[in-house]
Amino acid sequence: MESRDQGLTLSGGRGTLRRHAGWSRHLRLWQLVLPASLFLGMYFVVPLGMLFWWSVRVPGVSGLTLVNFQRLLTDAFFFETLWLSVRLSLEVTVVTLVLGFPLAYLYTRLGPLWRVSILFITLLPLLTSAVVRSFAWIVILGKLGLVNAALMGSGLVDQPVKLLFTLDGVRIAMAQVQLPFMLLPLINAMEQLDPSLERAAVSLGASQARAFFRVTVPLSAPGVVAGAILSFALTISAFITPAMVGGGSFTVMPTLIYQSAIVTLDWATASTTAIILLVVALLVVWGGMAVARHYRYGPGSA
Amino acid sequence: MPEPTPGGQGLRRSATGRTVHAARVRGRIGHAAFWIVIWALGLTGLLYLLLPTLIIVFASLTAGEYIAFPPQGLSLRWFVRLWELPEVRVSAWRSLLVALGATAVSIGLGVAAAFPLVRSRFRGREALNAFLMSPLILPSLVYGLAALMFVSAVGLPLSIPVLVLSHVAIIVPYVIRTTAASLVLLDPDLEEAARSLGANTWQTFQRVILPNLLPGIATGGAFAFISSFDNLTVSLFLAGPRVETLPIRLFAMINFDLDPAAAAISAVLVVVAFAVVLLAHWALGLSRIVRL
Amino acid sequence: MASAPLPDLRLIDVTRRYGPVIAVDRVGLDVAPGEFVTLLGPSGCGKTTLLKCIAGFLAPSEGQVVLRGEVVNNVLPHLRNIGIVFQHYALFPHMTVAENIAFGLQMRKRSRAGIAGRVDEMLRLVKLPGLGGRYPHQLSGGQQQRVALARVLAVEPVLLLLDEPFGALDKKLRVEMQIEVKQLITPLRMTTIFVTHDQEEAMRMSDRVAVMNSGRIVQCDAPGAIYDRPRDLFVADFMGNSNLLDAKTLGVRGDRLRVMVASMEMDLPLGAGEIGEEAVLLVRPENLALNVVPPPDRPAWPAVVTFALHAGPLMEYQVVVAETWRIRVSRPRMQSDGGKVWKAGDRVAVSILDQDAVRVFPARSE
C-alpha cells in the first residue's frame, strides 16, 4: 500500500508527516482520525439514528410509519407552538441584525484596543452558561429587578411592569443571548472587505451614508446571511432561556421536547418534535445558503 | 498670487457659490447624523452584551438577604455561604470531574484527528471535517434526548462515565478546530528541518510540533472544559435522577425569589469564563479565534 | 500684466501629527493646471498621509489645502471632486464595469441617458469597448486598472490622485501601463498627483518630482534636475545609483574647487555644491570610464576589477582603488569606440568622464 499523503491543508500550507523507520512505519497518518470518527459515529450518529427510529415507529404498527408526524402536524396546539418558535426566532434575528450590524461596522473602523474589547465583551457571554445568562435576565426583568427599580425609582411608573414570564421578556433576553452569534460572522465578513472600496465610493461623490448603503451593506450580505442562519437556528432550538425567563407562560418547540421526553415520557412525540425542529432549522439554513450563493460577487468580496 | 479665499471658484462646475455652500453644510450634518446613529446603535449593542454579566456579578456581592436594587451594601458573604451548602459543593465537584474527564478524552481524540485533517489529502476530507464539526450545529437538547434513547436502548445505567462520554461528543469539535487552526499556522519547513537534522517522528512531534501546538490545544481544551462545565441540557437528560451538576443545581435554585446564592454561583461561572477568554487571547489571540 | 494661472492645488504648510509623531511636516507645494507631479519617497515618508489630506480623508493638524483657489480643509471628501485611483483599484465587486463607471455620475444625479452615453465614451477612451457588462473579477489586472481610470475620469475631477496604482502589476505590464496612463491623461490636461516609491517610474512619468523624506518635501524639480542636481545626500542616494566618496576640501582656486578624494587631487567646478572641510562626492556609475592606461586628459585612479556583471544592455563593474575604495561603474556593452568588456581581476584606470556632473555635499553627520 502506498502512502498517499500529500501536502495541502484545509486552508493553505504544505507539508506532511512522513513515514519513517521505527514504530511509525505501521501508522498511517489518516488513521489518527479514526478514534474521533469512530467515537462520534457511535456516540453521535447512532443516537440520532435512534431518535429517528423512535419518530417513525408506533406501537402496534409494524414497519416505518409517518403517523407520528401526521398526528403532530395536524394538531392545533403543536402548530401554534411551531409557529411561535419560528416567529420568535425571526424577531430575535432581526433585532440582533439591527444591533449587530452597526457594531460590526464600528469594529472595522476602530483601533486595536477597541477591537479586543469588543471581542472580549462578545465572547464572554458565549462562554458563560445559558443558565447564568438567563438568571441575569431574571434579575434584570423581575418585579424587584433592575428595570423595574429604575422605572419606579424615577417615577415613570407606579406599579412594576411585568416583563418576566412574558414573551416580551424572552424576546429581550434571547436577543442578547444571540447577539454574539450574529456579531461574529458579521465581523468576519466585514473584516475581509477592502477598506478602500468605501473610500473609492466617497471620492466619487457618495456621502459616508450612501457609501455605506451602496457598497458596505451589499458586500456584507454573506456575513448577514451567515449570522442570520446561526441566530435563527440557535434561537429556535433554545431551551433554557425561554424556560427560565418565560416561566410556564408559553411553550416553544424545545419546551415541548423536554416535557414529552422527561415529564410525560412520550418518547415518540419527543423524537418527532425534535425531527421536525431539525427539519425546519435545516430548511432555513439551506434557504439562507442559497441566498448567500446568489450574492457571491466573485473573488475579492466578503 | 492672489490669496486663497473661501467660496472662491467652486469645485462643482455648474453650481453657484451659495448652492455649493448649502450642499456642504448639509453634507456635514448628514455626516454627523450618520455617525451618531451608528455609534448609538453600536454602543447600545455593546452595553446590551455586557449588562447581564455585570449585573449578576454585582448582585452576587450584595450584603442583604435577597437581591434588590439599589443593593444593600457589598459583601462576599454569599460566596462563603456557597461553600457551606453541601448540595452546591457536591454538584460543583461533580461538574469539575465530568468536565476534566470529558476534556481529557476530547484532547486525546481531537488532537489526533486534527493531523490528518490538516496534513493529509484524501477524498472525503471536507466531508469528514464537516462530520466531525456537526455536533456544533446540532441543538444540544436534541442530542441529549437522542443520547438518552441510545443509552437506555443499550441498557447502560446513567452514570458519570456515560455523562462524560456524552459531553465529549459535543465538545470534541472545539479541540479539533483550534488544534487544526494552530497546525495550519505551523510552518511545515520546521518539521523538515528537524528531520533533515536527524529527528525521528516521535522526536519531531515532541520537540517541534507539540510546543507550537500547545496554544491551540490549550485554547480548545479550555473551550471544551467550560462547555462541559456550563452544560445544562445534555446533563438534564443524562445525569440521572437526583444526580446534579452545578448548572442543574443552579437551575433548580432559581425560583421566584432572587437568591443571592444563585447569583454567587453564577458569578463564579462568569469568573471561570473570563479566565478562559483571557487564556484564549493570550494563547491564540481573540481575532484569530473569531475567524475560526 | 498677465499673472500665472492659478494653481489647481496649493498646499500651504500642511502638517499632520499623530500624537508625538509628525507624519507630514510643513509641506508646501503648488501644482499648476495640467501638471503631473509625483510624490516620491521610501515607505513611511508621509506621501500616503499627504495624499489622504489632499483627498479629505484626513484633516491636516495645521496648514491649508487649497483647491482652485478655495480652502477646502473643512470640505468633506465626497464634495471635493477629486478623482482617486487606488493601489488595488477598489473596483466595486458587486457592480458591473458599466455600473462602476456610472457610479460617480449617479452621485451627481445625471440623467440615465446621459450616464449611459458617458459610460460608453469612457469605455472607448480606455479601449475597453463592449466590456460594460463584465464584472471586475472577470477582468485582467491591466483591464481593471483601465476601468479604475475610466471610473474616475468620467466625472471630470479637478484633480487626479494616483496612489501607487501600478504596485500590483508585474514589471512588463507596469511599464506598458505607465505609457498608457500618460497617453490618456496628457491630452485631457488633467492635473495629476502620483504617489510612488519607484524612482524610475517617477522620472518616466512626471513633469516634476517631489522627493519626500520623514514628512518633508526635500526637493521638488523636473526629473532631470533631481537626478543631475540633487539638493542633498538623501535625494542623491535615493535617485538612481550613486557612488558616494569621502573627500577633503583643499581650497578654492578661481572658479574651481580643489578636493582630495581617494588619495588624488582634482578640480571641480565651484557651483558643484556646498563647501565644507569634510565632504562627500557624488559620482554616478555611468560617469566613470575604465581604461587600460590612464587617459592623458584627466586624473585617473589605478584599480582592480572585483565584479563584472552582465546586466542586459549594461556591464556593471565594481572596482577597488588602493584596496579601500569600492566604486561602482556601469558602461554600455555596445560602444561606438569599441569599448572593452572587463572581467574580474583586470587592472584598470578609473576616471571621471564629466567632472561638471559631480556633486559635492557636506559630510553626513552620523
# chains A, B, ... in the order shown; residues from 1 in each chain; ligands from 1
>>> interface_residues(of="chain A", to="chain C", cutoff="6 Å", atoms="only C-alpha atoms", output="count of residues only")
9
>>> interface_residues(of="chain C", to="chain B", cutoff="6 Å", atoms="only C-alpha atoms", output="VMD selection string")
chain C and resid 69 to 71
>>> write_last_selection(atoms="N, CA and C atoms", output="compact mmCIF listing (two decimals), in the first residue's frame")
# COMPACT_ATOMS: atom_id res chain seq x y z
N GLY C 69 -8.04 77.72 -5.74
CA GLY C 69 -8.20 78.99 -5.06
C GLY C 69 -9.07 78.93 -3.82
N GLU C 70 -9.59 77.79 -3.49
CA GLU C 70 -10.50 77.72 -2.36
C GLU C 70 -9.93 76.83 -1.26
N VAL C 71 -9.99 77.31 -0.03
CA VAL C 71 -9.50 76.50 1.08
C VAL C 71 -10.52 75.39 1.35
>>> residues_around(residues="stretch 241-246 of chain B", least_positions_apart="5", cutoff="6 Å", atoms="only C-alpha atoms", output="PyMOL selection string")
chain B and resi 91-92+94-95
>>> write_last_selection(atoms="N, CA and C atoms", output="PDB file, in the first residue's frame")
ATOM      1  N   SER B  91     -22.301  19.219  43.813  1.00  0.00           N
ATOM      2  CA  SER B  91     -22.570  19.372  42.376  1.00  0.00           C
ATOM      3  C   SER B  91     -21.399  20.053  41.676  1.00  0.00           C
ATOM      4  N   ALA B  92     -20.743  20.987  42.380  1.00  0.00           N
ATOM      5  CA  ALA B  92     -19.591  21.641  41.766  1.00  0.00           C
ATOM      6  C   ALA B  92     -18.477  20.629  41.535  1.00  0.00           C
ATOM      7  N   ARG B  94     -18.789  17.454  41.186  1.00  0.00           N
ATOM      8  CA  ARG B  94     -19.186  16.542  40.118  1.00  0.00           C
ATOM      9  C   ARG B  94     -18.975  17.189  38.755  1.00  0.00           C
ATOM     10  N   SER B  95     -19.398  18.450  38.625  1.00  0.00           N
ATOM     11  CA  SER B  95     -19.205  19.161  37.361  1.00  0.00           C
ATOM     12  C   SER B  95     -17.729  19.209  36.991  1.00  0.00           C
TER      13      SER B  95
END
>>> interface_residues(of="chain B", to="chain A", cutoff="7 Å", atoms="only C-alpha atoms", output="number ranges by chain")
B: 31, 34, 38, 41-42, 45, 48-50, 52-53, 55-56, 68-69, 109-110, 112-113, 116, 118-121, 132, 139, 142, 146-147, 149-150, 169, 184, 188, 200-201, 226, 230-231, 247, 251, 258, 266, 269-270, 273-274, 277, 286, 290-291
>>> residues_around(residues="C:Phe36", least_positions_apart="5", cutoff="6 Å", atoms="only C-alpha atoms", output="PyMOL selection string")
chain C and resi 192+206-207
>>> write_last_selection(atoms="N, CA and C atoms", output="short mmCIF file (atom, residue, chain, number, x, y, z; two decimals), in the first residue's frame")
data_model
loop_
_atom_site.label_atom_id
_atom_site.label_comp_id
_atom_site.auth_asym_id
_atom_site.auth_seq_id
_atom_site.Cartn_x
_atom_site.Cartn_y
_atom_site.Cartn_z
N THR C 192 -2.48 66.11 -12.13
CA THR C 192 -2.33 64.78 -11.53
C THR C 192 -1.27 64.77 -10.44
N SER C 206 6.77 61.99 -14.80
CA SER C 206 6.38 63.26 -14.19
C SER C 206 6.91 64.49 -14.90
N ASP C 207 6.14 65.60 -14.72
CA ASP C 207 6.67 66.92 -15.05
C ASP C 207 7.60 67.38 -13.95
#
>>> atom_distance(atom1="atom CA of B:Ala267", atom2="atom CA of B:Glu65")
16.8 Å
>>> select_by_dssp(residues="stretch 13-228 of chain C", states="alpha helix (DSSP H)", output="mmCIF file with N, CA and C atoms, in the first residue's frame")
data_model
loop_
_atom_site.group_PDB
_atom_site.id
_atom_site.type_symbol
_atom_site.label_atom_id
_atom_site.label_comp_id
_atom_site.auth_asym_id
_atom_site.auth_seq_id
_atom_site.Cartn_x
_atom_site.Cartn_y
_atom_site.Cartn_z
ATOM 1 N N LYS C 47 4.069 60.205 2.191
ATOM 2 C CA LYS C 47 3.388 60.530 0.938
ATOM 3 C C LYS C 47 1.931 60.088 0.935
ATOM 4 N N THR C 48 1.663 58.897 1.504
ATOM 5 C CA THR C 48 0.283 58.451 1.531
ATOM 6 C C THR C 48 -0.550 59.312 2.471
ATOM 7 N N THR C 49 0.036 59.688 3.604
ATOM 8 C CA THR C 49 -0.682 60.561 4.534
ATOM 9 C C THR C 49 -1.016 61.887 3.862
ATOM 10 N N LEU C 50 -0.048 62.418 3.135
ATOM 11 C CA LEU C 50 -0.286 63.689 2.453
ATOM 12 C C LEU C 50 -1.413 63.539 1.429
ATOM 13 N N LEU C 51 -1.393 62.419 0.735
ATOM 14 C CA LEU C 51 -2.444 62.159 -0.242
ATOM 15 C C LEU C 51 -3.812 62.148 0.431
ATOM 16 N N LYS C 52 -3.901 61.514 1.569
ATOM 17 C CA LYS C 52 -5.179 61.455 2.287
ATOM 18 C C LYS C 52 -5.605 62.842 2.737
ATOM 19 N N CYS C 53 -4.639 63.686 3.084
ATOM 20 C CA CYS C 53 -5.000 65.057 3.473
ATOM 21 C C CYS C 53 -5.554 65.818 2.270
ATOM 22 N N ILE C 54 -4.954 65.613 1.121
ATOM 23 C CA ILE C 54 -5.453 66.301 -0.074
ATOM 24 C C ILE C 54 -6.859 65.814 -0.403
ATOM 25 N N ALA C 55 -7.053 64.488 -0.289
ATOM 26 C CA ALA C 55 -8.349 63.924 -0.657
ATOM 27 C C ALA C 55 -9.425 64.253 0.360
ATOM 28 N N VAL C 97 -18.795 46.529 -14.769
ATOM 29 C CA VAL C 97 -17.875 47.576 -15.195
ATOM 30 C C VAL C 97 -18.650 48.861 -15.484
ATOM 31 N N ALA C 98 -19.744 48.726 -16.215
ATOM 32 C CA ALA C 98 -20.545 49.906 -16.557
ATOM 33 C C ALA C 98 -21.094 50.575 -15.308
ATOM 34 N N GLU C 99 -21.566 49.779 -14.363
ATOM 35 C CA GLU C 99 -22.109 50.355 -13.133
ATOM 36 C C GLU C 99 -21.024 51.035 -12.323
ATOM 37 N N ASN C 100 -19.832 50.459 -12.348
ATOM 38 C CA ASN C 100 -18.706 51.093 -11.665
ATOM 39 C C ASN C 100 -18.445 52.472 -12.242
ATOM 40 N N ILE C 101 -18.356 52.524 -13.558
ATOM 41 C CA ILE C 101 -18.044 53.797 -14.205
ATOM 42 C C ILE C 101 -19.173 54.792 -13.992
ATOM 43 N N ALA C 102 -20.394 54.264 -13.941
ATOM 44 C CA ALA C 102 -21.542 55.161 -13.792
ATOM 45 C C ALA C 102 -21.694 55.707 -12.381
ATOM 46 N N PHE C 103 -20.996 55.100 -11.424
ATOM 47 C CA PHE C 103 -21.247 55.413 -10.022
ATOM 48 C C PHE C 103 -21.119 56.897 -9.716
ATOM 49 N N GLY C 104 -20.000 57.475 -10.100
ATOM 50 C CA GLY C 104 -19.777 58.881 -9.790
ATOM 51 C C GLY C 104 -20.818 59.774 -10.445
ATOM 52 N N LEU C 105 -21.239 59.380 -11.641
ATOM 53 C CA LEU C 105 -22.248 60.170 -12.344
ATOM 54 C C LEU C 105 -23.586 60.057 -11.629
ATOM 55 N N GLN C 106 -23.897 58.887 -11.106
ATOM 56 C CA GLN C 106 -25.146 58.728 -10.357
ATOM 57 C C GLN C 106 -25.130 59.591 -9.107
ATOM 58 N N MET C 107 -23.966 59.674 -8.485
ATOM 59 C CA MET C 107 -23.871 60.513 -7.288
ATOM 60 C C MET C 107 -24.125 61.969 -7.620
ATOM 61 N N ARG C 112 -30.224 59.345 -16.804
ATOM 62 C CA ARG C 112 -29.834 57.981 -17.138
ATOM 63 C C ARG C 112 -29.244 57.892 -18.538
ATOM 64 N N ALA C 113 -29.853 58.601 -19.458
ATOM 65 C CA ALA C 113 -29.331 58.580 -20.831
ATOM 66 C C ALA C 113 -27.945 59.198 -20.871
ATOM 67 N N GLY C 114 -27.801 60.304 -20.148
ATOM 68 C CA GLY C 114 -26.500 60.958 -20.113
ATOM 69 C C GLY C 114 -25.439 60.045 -19.546
ATOM 70 N N ILE C 115 -25.802 59.336 -18.493
ATOM 71 C CA ILE C 115 -24.859 58.422 -17.859
ATOM 72 C C ILE C 115 -24.455 57.328 -18.848
ATOM 73 N N ALA C 116 -25.437 56.735 -19.497
ATOM 74 C CA ALA C 116 -25.133 55.638 -20.421
ATOM 75 C C ALA C 116 -24.190 56.108 -21.514
ATOM 76 N N GLY C 117 -24.454 57.283 -22.021
ATOM 77 C CA GLY C 117 -23.594 57.810 -23.076
ATOM 78 C C GLY C 117 -22.180 58.033 -22.580
ATOM 79 N N ARG C 118 -22.081 58.604 -21.409
ATOM 80 C CA ARG C 118 -20.766 58.907 -20.852
ATOM 81 C C ARG C 118 -19.997 57.625 -20.574
ATOM 82 N N VAL C 119 -20.697 56.598 -20.067
ATOM 83 C CA VAL C 119 -20.039 55.322 -19.786
ATOM 84 C C VAL C 119 -19.440 54.746 -21.074
ATOM 85 N N ASP C 120 -20.226 54.765 -22.124
ATOM 86 C CA ASP C 120 -19.712 54.259 -23.408
ATOM 87 C C ASP C 120 -18.501 55.046 -23.860
ATOM 88 N N GLU C 121 -18.602 56.369 -23.698
ATOM 89 C CA GLU C 121 -17.485 57.234 -24.086
ATOM 90 C C GLU C 121 -16.218 56.844 -23.329
ATOM 91 N N MET C 122 -16.366 56.622 -22.028
ATOM 92 C CA MET C 122 -15.218 56.269 -21.196
ATOM 93 C C MET C 122 -14.639 54.917 -21.587
ATOM 94 N N LEU C 123 -15.537 53.976 -21.840
ATOM 95 C CA LEU C 123 -15.056 52.648 -22.223
ATOM 96 C C LEU C 123 -14.242 52.716 -23.510
ATOM 97 N N ARG C 124 -14.691 53.558 -24.415
ATOM 98 C CA ARG C 124 -13.922 53.713 -25.660
ATOM 99 C C ARG C 124 -12.603 54.397 -25.369
ATOM 100 N N LEU C 125 -12.627 55.376 -24.490
ATOM 101 C CA LEU C 125 -11.417 56.122 -24.167
ATOM 102 C C LEU C 125 -10.332 55.197 -23.628
ATOM 103 N N GLY C 141 -5.636 42.181 -14.701
ATOM 104 C CA GLY C 141 -5.153 43.297 -13.883
ATOM 105 C C GLY C 141 -5.079 44.587 -14.663
ATOM 106 N N GLY C 142 -4.546 44.508 -15.872
ATOM 107 C CA GLY C 142 -4.424 45.718 -16.686
ATOM 108 C C GLY C 142 -5.786 46.282 -17.046
ATOM 109 N N GLN C 143 -6.733 45.415 -17.323
ATOM 110 C CA GLN C 143 -8.085 45.878 -17.658
ATOM 111 C C GLN C 143 -8.746 46.535 -16.452
ATOM 112 N N GLN C 144 -8.548 45.956 -15.293
ATOM 113 C CA GLN C 144 -9.134 46.542 -14.083
ATOM 114 C C GLN C 144 -8.578 47.933 -13.850
ATOM 115 N N GLN C 145 -7.289 48.054 -14.096
ATOM 116 C CA GLN C 145 -6.617 49.346 -13.975
ATOM 117 C C GLN C 145 -7.299 50.374 -14.857
ATOM 118 N N ARG C 146 -7.600 49.969 -16.068
ATOM 119 C CA ARG C 146 -8.200 50.915 -17.005
ATOM 120 C C ARG C 146 -9.625 51.272 -16.601
ATOM 121 N N VAL C 147 -10.335 50.305 -16.067
ATOM 122 C CA VAL C 147 -11.695 50.617 -15.613
ATOM 123 C C VAL C 147 -11.627 51.600 -14.452
ATOM 124 N N ALA C 148 -10.636 51.394 -13.570
ATOM 125 C CA ALA C 148 -10.497 52.316 -12.441
ATOM 126 C C ALA C 148 -10.263 53.740 -12.947
ATOM 127 N N LEU C 149 -9.467 53.858 -13.987
ATOM 128 C CA LEU C 149 -9.227 55.179 -14.578
ATOM 129 C C LEU C 149 -10.494 55.734 -15.211
ATOM 130 N N ALA C 150 -11.174 54.883 -15.955
ATOM 131 C CA ALA C 150 -12.395 55.333 -16.625
ATOM 132 C C ALA C 150 -13.402 55.844 -15.604
ATOM 133 N N ARG C 151 -13.505 55.125 -14.490
ATOM 134 C CA ARG C 151 -14.473 55.491 -13.464
ATOM 135 C C ARG C 151 -14.197 56.886 -12.922
ATOM 136 N N VAL C 152 -12.931 57.157 -12.788
ATOM 137 C CA VAL C 152 -12.530 58.413 -12.191
ATOM 138 C C VAL C 152 -12.599 59.560 -13.207
ATOM 139 N N LEU C 153 -12.246 59.276 -14.434
ATOM 140 C CA LEU C 153 -12.260 60.336 -15.449
ATOM 141 C C LEU C 153 -13.680 60.692 -15.860
ATOM 142 N N LYS C 171 6.430 43.673 -13.901
ATOM 143 C CA LYS C 171 7.292 44.742 -14.430
ATOM 144 C C LYS C 171 6.932 45.160 -15.849
ATOM 145 N N LYS C 172 6.721 44.161 -16.693
ATOM 146 C CA LYS C 172 6.484 44.490 -18.105
ATOM 147 C C LYS C 172 5.180 45.259 -18.251
ATOM 148 N N LEU C 173 4.145 44.740 -17.563
ATOM 149 C CA LEU C 173 2.834 45.368 -17.636
ATOM 150 C C LEU C 173 2.884 46.763 -17.047
ATOM 151 N N ARG C 174 3.714 46.881 -16.005
ATOM 152 C CA ARG C 174 3.861 48.165 -15.347
ATOM 153 C C ARG C 174 4.301 49.240 -16.321
ATOM 154 N N VAL C 175 5.338 48.917 -17.063
ATOM 155 C CA VAL C 175 5.875 49.914 -17.996
ATOM 156 C C VAL C 175 4.842 50.236 -19.067
ATOM 157 N N GLU C 176 4.155 49.207 -19.557
ATOM 158 C CA GLU C 176 3.116 49.458 -20.561
ATOM 159 C C GLU C 176 2.041 50.376 -20.008
ATOM 160 N N MET C 177 1.618 50.108 -18.772
ATOM 161 C CA MET C 177 0.548 50.904 -18.174
ATOM 162 C C MET C 177 1.011 52.337 -17.937
ATOM 163 N N GLN C 178 2.281 52.498 -17.577
ATOM 164 C CA GLN C 178 2.779 53.860 -17.377
ATOM 165 C C GLN C 178 2.586 54.672 -18.651
ATOM 166 N N ILE C 179 2.948 54.069 -19.756
ATOM 167 C CA ILE C 179 2.820 54.778 -21.035
ATOM 168 C C ILE C 179 1.356 55.034 -21.348
ATOM 169 N N GLU C 180 0.547 53.994 -21.170
ATOM 170 C CA GLU C 180 -0.880 54.126 -21.476
ATOM 171 C C GLU C 180 -1.540 55.202 -20.661
ATOM 172 N N VAL C 181 -1.266 55.208 -19.368
ATOM 173 C CA VAL C 181 -1.914 56.180 -18.491
ATOM 174 C C VAL C 181 -1.516 57.590 -18.892
ATOM 175 N N LYS C 182 -0.235 57.777 -19.176
ATOM 176 C CA LYS C 182 0.201 59.125 -19.581
ATOM 177 C C LYS C 182 -0.465 59.523 -20.898
ATOM 178 N N GLN C 183 -0.595 58.573 -21.780
ATOM 179 C CA GLN C 183 -1.232 58.890 -23.060
ATOM 180 C C GLN C 183 -2.687 59.263 -22.860
ATOM 181 N N LEU C 184 -3.298 58.703 -21.857
ATOM 182 C CA LEU C 184 -4.690 59.019 -21.575
ATOM 183 C C LEU C 184 -4.852 60.387 -20.956
ATOM 184 N N ILE C 185 -4.064 60.656 -19.935
ATOM 185 C CA ILE C 185 -4.353 61.870 -19.183
ATOM 186 C C ILE C 185 -3.681 63.125 -19.742
ATOM 187 N N THR C 186 -2.602 62.958 -20.491
ATOM 188 C CA THR C 186 -1.963 64.174 -21.004
ATOM 189 C C THR C 186 -2.886 64.964 -21.933
ATOM 190 N N PRO C 187 -3.537 64.345 -22.921
ATOM 191 C CA PRO C 187 -4.423 65.142 -23.779
ATOM 192 C C PRO C 187 -5.584 65.766 -23.015
ATOM 193 N N LEU C 188 -5.967 65.158 -21.890
ATOM 194 C CA LEU C 188 -7.059 65.728 -21.109
ATOM 195 C C LEU C 188 -6.593 66.892 -20.249
ATOM 196 N N GLN C 199 11.559 55.128 -8.172
ATOM 197 C CA GLN C 199 12.042 56.380 -8.745
ATOM 198 C C GLN C 199 12.120 56.338 -10.272
ATOM 199 N N GLU C 200 12.279 55.142 -10.813
ATOM 200 C CA GLU C 200 12.273 55.090 -12.287
ATOM 201 C C GLU C 200 10.920 55.506 -12.807
ATOM 202 N N GLU C 201 9.880 54.999 -12.173
ATOM 203 C CA GLU C 201 8.520 55.322 -12.559
ATOM 204 C C GLU C 201 8.299 56.828 -12.446
ATOM 205 N N ALA C 202 8.780 57.382 -11.341
ATOM 206 C CA ALA C 202 8.602 58.811 -11.115
ATOM 207 C C ALA C 202 9.268 59.616 -12.215
ATOM 208 N N MET C 203 10.455 59.249 -12.538
ATOM 209 C CA MET C 203 11.178 60.040 -13.539
ATOM 210 C C MET C 203 10.538 59.901 -14.902
ATOM 211 N N ARG C 204 10.041 58.719 -15.172
ATOM 212 C CA ARG C 204 9.499 58.475 -16.507
ATOM 213 C C ARG C 204 8.216 59.249 -16.736
ATOM 214 N N MET C 205 7.421 59.420 -15.699
ATOM 215 C CA MET C 205 6.078 59.926 -15.929
ATOM 216 C C MET C 205 5.879 61.396 -15.609
ATOM 217 N N PRO C 223 12.434 65.949 -13.359
ATOM 218 C CA PRO C 223 13.191 64.723 -13.101
ATOM 219 C C PRO C 223 14.684 64.862 -13.408
ATOM 220 N N GLY C 224 14.995 65.482 -14.505
ATOM 221 C CA GLY C 224 16.408 65.626 -14.864
ATOM 222 C C GLY C 224 17.169 66.412 -13.825
ATOM 223 N N ALA C 225 16.538 67.507 -13.352
ATOM 224 C CA ALA C 225 17.198 68.346 -12.359
ATOM 225 C C ALA C 225 17.428 67.573 -11.075
ATOM 226 N N ILE C 226 16.470 66.737 -10.698
ATOM 227 C CA ILE C 226 16.639 65.959 -9.462
ATOM 228 C C ILE C 226 17.797 64.991 -9.617
ATOM 229 N N TYR C 227 17.875 64.403 -10.787
ATOM 230 C CA TYR C 227 18.932 63.416 -10.989
ATOM 231 C C TYR C 227 20.296 64.077 -11.076
ATOM 232 N N ASP C 228 20.380 65.168 -11.858
ATOM 233 C CA ASP C 228 21.678 65.801 -12.083
ATOM 234 C C ASP C 228 22.108 66.698 -10.944
#
>>> residues_around(residues="B:Ala181", least_positions_apart="5", cutoff="9 Å", atoms="only C-alpha atoms", output="list of chain:residue names")
B:Ala114, B:Val118, B:Ile176, B:Leu186, B:Gly216, B:Arg288, B:Ile289, B:Leu292
